[in-house]
Amino acid sequence: MKNETSKYKKIADQLINIVGKDNIESITHCVTRLRIVVKNRNAIDDDAIQDVDEVKGVFYTGGQYQIILGTGIVNKVFDQVSGVNKDGTEDSKNEETTNTGGSWMDKLKRGIRILSDVFLPIVPILGATGLFLGLKGVMYNPIVLSWIGMTPKMIPNSVTTLLTVLTGTAFNFLPAFICWSAFKKFGGTPVIGFLIGLMLVSPSLPNAYDVASGAIKPIMLFNIIPIEGYQGSVLTALFTGIIGAKLEKRLRRVMPNSMDLIFTPFVVVLVMLTLAFLGFGPIVHLIEQGLVHAIRAFLYLPFGIGGFLIGVLYPLCVMTGLHQMSIVVETSLLAATHFNPMITVEAMYGFANAAVCLALALHSRKASQRSAGISATATQILGVSEPALFGVVLRAGLPALLVMVLCSGLGGGILSLLHIQANSYGLAVALSPLMYIYSAHQLIVYVLVGIGTFIVAFLATNTFAIPKDDRQRSIHEEDKPSMTINDNQIGTTALFAPVVGKVISLNETNDPVFSQKLMGDGFAVEPTNDEIMSPVSGKITMIAETKHAVGITTKSGLEILVHMGIDTVSLKGKPFDIKVKVGDSVHIGQKIAKMNVKEVKADGKDATVMVVMTNMNDVVSDWKLEAINLDEKDYPEIGIATMNGQ
């Protein structure tokens, strides 16, 4: 035992020395890898890391340098790490820590992600308000009213007032929601942020929209400084919320406990209102107004050039993660004008991506790829683009990507040329027409251009972007069983699907550790139910503390990892219910866990279940993957693995 401890202590020390103690912000781990937040990724020698005993691979993503060690080993190495900031789980780092490491691009991505996290909670209320505005437009449409013998003047004032409450509240008090969300995101007390936000748009102040229209004048403080509400000012509210949250955190460190409850909020509110109205607020508001005008001018450049460029660039931004910044821009546009032409041109990416994905899927010669492509197309039509983009389009090569981005740009250019604009955000592809029901003209043009973009992208993919060797085989050839299993063969283990769903290869998963087979070979299943069964008969040898992974060893010595979801370690076990314990013997098809698939997806995680042979050095692989859609009682044999020396 002492020798084993010494071994893992040596590994830990080597890894820390190569990465550099001064280069490490914090270190954590999941069931297979060390996750290190570093200041300078370029200072790490990847080759030296991979030469360390037990290291199976490295990669860098999301600001984390990840070292793959494998189940069991990673815990032992992590326990021996010393002299650096250790966190028990990957989510225990605060935003200030995670925003310091990595290259400037990584810092930019993390900064944009943090800002988008402030605005994401606001999306539902502005989306709902947009639908209310659309319904109001329909209700007040003279043609629609004429069908029931009415005119807009005949609608009672009481109904108009109630509709104004439904359609105006979110925009009028938008700074309050932004301040609340910013305080929450940056560690302040959300209710203090909400109070400050309400003060920014207090009814006692001249309304910013009325001041802008010239209907009223601002209050003149000391006959010099103009004071007005900040209705429609997104950036002022954002700055106020971020600075206010950080001020509150600092004050709470120094404020005596007996005074903290009252005086900390008192100082925060006083300082932030002073800064907002007399300090940075007016300057930020002017800058924001200039940016809104500049964006609108760019979108409406002659011949649709602006819309075309945004349509081309948006898919590339999605690939790099920079697209999250668009939510800030769109919120500013909505707040200032109550319209969102930005999402209109961006939405053509969804139509083009779905069409390219579908065309590639229909021409795939592999049943598994065709099934995955059609599924990804359906997902894109419902508004989630990453499976189609990363799982199908990018894998097909540059021609497919070029068709997609050019068709996205073409659709965006036409829409900007015709001055089509949504009145909300948050809806994509199939549901996106709901953002245009406020105007029959806007709705009809948008739908026609969207369908046209889809058709053009589909035809262009068929003509220019189908890989030469990717043609359909006959159904009979595809349906032939890929292999049979000899149950009497000594040392051979049959692997079964652990869950109902669609079987895919590890290459198709969205985690480089599994897709590059750094942990070992195997397969994956995209689940359609929650019951997780054992893919082999053997003994339970490992259960992750966060319940998202189970290790099983067969009698022949084959080590199997059943990994439920991708990056689900951050969920801290919440959606998982383990039905076994370490040391239990299990048989094929025995329930070993339950994973709440809906909850995993609601938390933004991929629910794919991976089955990986982690001791591939001891395996003679005779591996052929059969893509099968499983029914509720069908757990077919997926492949076999034979141990060396058997």
# chains A, B, ... in the order shown; residues from 1 in each chain; ligands from 1
>>> closest_atom_pairs(of="region 204-308 of chain A", to="region 339-355 of chain A", cutoff="12 Å", atoms="only C-alpha atoms", output="CSV")
residue,atom,partner,partner_atom,distance
A:Gly232,CA,A:Phe339,CA,11.9
A:Val292,CA,A:Asn340,CA,10.8
A:Ile295,CA,A:Met342,CA,8.6
A:Arg296,CA,A:Pro341,CA,7.9
A:Ala297,CA,A:Pro341,CA,11.0
A:Phe298,CA,A:Met342,CA,10.4
A:Leu299,CA,A:Met342,CA,7.6
A:Tyr300,CA,A:Pro341,CA,9.4
A:Gly304,CA,A:Val345,CA,10.3
A:Ile305,CA,A:Val345,CA,11.3
A:Gly306,CA,A:Val345,CA,9.4
A:Gly307,CA,A:Val345,CA,5.9
A:Phe308,CA,A:Val345,CA,7.8
>>> write_last_selection(atoms="N, CA, C and O atoms", output="PDB file, in the first residue's frame")
ATOM      1  N   GLY A 232     -34.705  51.043 -21.411  1.00  0.00           N
ATOM      2  CA  GLY A 232     -34.053  50.686 -22.671  1.00  0.00           C
ATOM      3  C   GLY A 232     -32.544  50.697 -22.634  1.00  0.00           C
ATOM      4  O   GLY A 232     -31.910  50.405 -23.639  1.00  0.00           O
ATOM      5  N   VAL A 292     -26.214  50.839 -30.996  1.00  0.00           N
ATOM      6  CA  VAL A 292     -27.488  50.375 -31.552  1.00  0.00           C
ATOM      7  C   VAL A 292     -27.700  50.970 -32.941  1.00  0.00           C
ATOM      8  O   VAL A 292     -28.074  50.265 -33.890  1.00  0.00           O
ATOM      9  N   ILE A 295     -25.258  49.274 -35.399  1.00  0.00           N
ATOM     10  CA  ILE A 295     -25.663  47.907 -35.759  1.00  0.00           C
ATOM     11  C   ILE A 295     -26.818  47.932 -36.746  1.00  0.00           C
ATOM     12  O   ILE A 295     -26.832  47.195 -37.742  1.00  0.00           O
ATOM     13  N   ARG A 296     -27.797  48.791 -36.478  1.00  0.00           N
ATOM     14  CA  ARG A 296     -28.933  48.887 -37.392  1.00  0.00           C
ATOM     15  C   ARG A 296     -28.480  49.376 -38.773  1.00  0.00           C
ATOM     16  O   ARG A 296     -28.949  48.879 -39.806  1.00  0.00           O
ATOM     17  N   ALA A 297     -27.568  50.346 -38.772  1.00  0.00           N
ATOM     18  CA  ALA A 297     -27.071  50.855 -40.051  1.00  0.00           C
ATOM     19  C   ALA A 297     -26.317  49.766 -40.815  1.00  0.00           C
ATOM     20  O   ALA A 297     -26.447  49.640 -42.037  1.00  0.00           O
ATOM     21  N   PHE A 298     -25.533  48.971 -40.088  1.00  0.00           N
ATOM     22  CA  PHE A 298     -24.789  47.892 -40.731  1.00  0.00           C
ATOM     23  C   PHE A 298     -25.739  46.841 -41.307  1.00  0.00           C
ATOM     24  O   PHE A 298     -25.545  46.349 -42.422  1.00  0.00           O
ATOM     25  N   LEU A 299     -26.776  46.501 -40.533  1.00  0.00           N
ATOM     26  CA  LEU A 299     -27.729  45.498 -40.991  1.00  0.00           C
ATOM     27  C   LEU A 299     -28.433  45.926 -42.276  1.00  0.00           C
ATOM     28  O   LEU A 299     -28.797  45.081 -43.104  1.00  0.00           O
ATOM     29  N   TYR A 300     -28.642  47.241 -42.409  1.00  0.00           N
ATOM     30  CA  TYR A 300     -29.394  47.730 -43.562  1.00  0.00           C
ATOM     31  C   TYR A 300     -28.504  48.409 -44.595  1.00  0.00           C
ATOM     32  O   TYR A 300     -28.921  49.346 -45.281  1.00  0.00           O
ATOM     33  N   GLY A 304     -28.314  44.449 -49.077  1.00  0.00           N
ATOM     34  CA  GLY A 304     -28.316  43.374 -48.090  1.00  0.00           C
ATOM     35  C   GLY A 304     -26.942  42.891 -47.679  1.00  0.00           C
ATOM     36  O   GLY A 304     -26.804  41.789 -47.121  1.00  0.00           O
ATOM     37  N   ILE A 305     -25.914  43.709 -47.924  1.00  0.00           N
ATOM     38  CA  ILE A 305     -24.540  43.281 -47.637  1.00  0.00           C
ATOM     39  C   ILE A 305     -24.352  42.990 -46.147  1.00  0.00           C
ATOM     40  O   ILE A 305     -23.730  41.991 -45.761  1.00  0.00           O
ATOM     41  N   GLY A 306     -24.901  43.864 -45.299  1.00  0.00           N
ATOM     42  CA  GLY A 306     -24.746  43.682 -43.859  1.00  0.00           C
ATOM     43  C   GLY A 306     -25.369  42.378 -43.382  1.00  0.00           C
ATOM     44  O   GLY A 306     -24.757  41.617 -42.617  1.00  0.00           O
ATOM     45  N   GLY A 307     -26.596  42.112 -43.835  1.00  0.00           N
ATOM     46  CA  GLY A 307     -27.255  40.870 -43.449  1.00  0.00           C
ATOM     47  C   GLY A 307     -26.517  39.647 -43.962  1.00  0.00           C
ATOM     48  O   GLY A 307     -26.439  38.617 -43.283  1.00  0.00           O
ATOM     49  N   PHE A 308     -25.965  39.748 -45.173  1.00  0.00           N
ATOM     50  CA  PHE A 308     -25.197  38.636 -45.740  1.00  0.00           C
ATOM     51  C   PHE A 308     -23.964  38.337 -44.891  1.00  0.00           C
ATOM     52  O   PHE A 308     -23.685  37.172 -44.568  1.00  0.00           O
TER      53      PHE A 308
END
>>> select_by_dssp(residues="region 39-225 of chain A", states="helix (DSSP H, G or I)", output="NGL selection string")
:A and (41-43 or 46-50 or 73-79 or 95-98 or 104-139 or 142-146 or 152-154 or 157-172 or 174-185 or 190-200 or 208-213)
>>> closest_residue(among="A:Gly137, A:Gly281, A:Pro535, A:Gly573", to="Ala549 (chain A)", atoms="only C-alpha atoms")
A:Gly573
>>> residues_around(residues="Gln380 (chain A)", least_positions_apart="3", cutoff="10 Å", atoms="only C-alpha atoms", output="list in words")
Gly350, Phe351, Ala352, Asn353, Ala354, Ala355, Cys357, Ile374, Ser375, Ala376, Thr377, Gly383, Val384, Ser385, Glu386, Pro387, Ala388, Leu389, Ala428, Val429 and Ala430 of chain A
>>> atom_distance(atom1="CA of Asp606 (chain A)", atom2="CA of Val55 (chain A)")
25.4 Å
>>> closest_residue(among="A:Gly130, A:Gly426, A:Pro190, A:Pro512", to="Ser326 (chain A)", atoms="only C-alpha atoms")
A:Gly426
>>> closest_residue(among="A:Ile178, A:Met220, A:Val392, A:Leu431", to="Asn510 (chain A)", atoms="only C-alpha atoms")
A:Val392
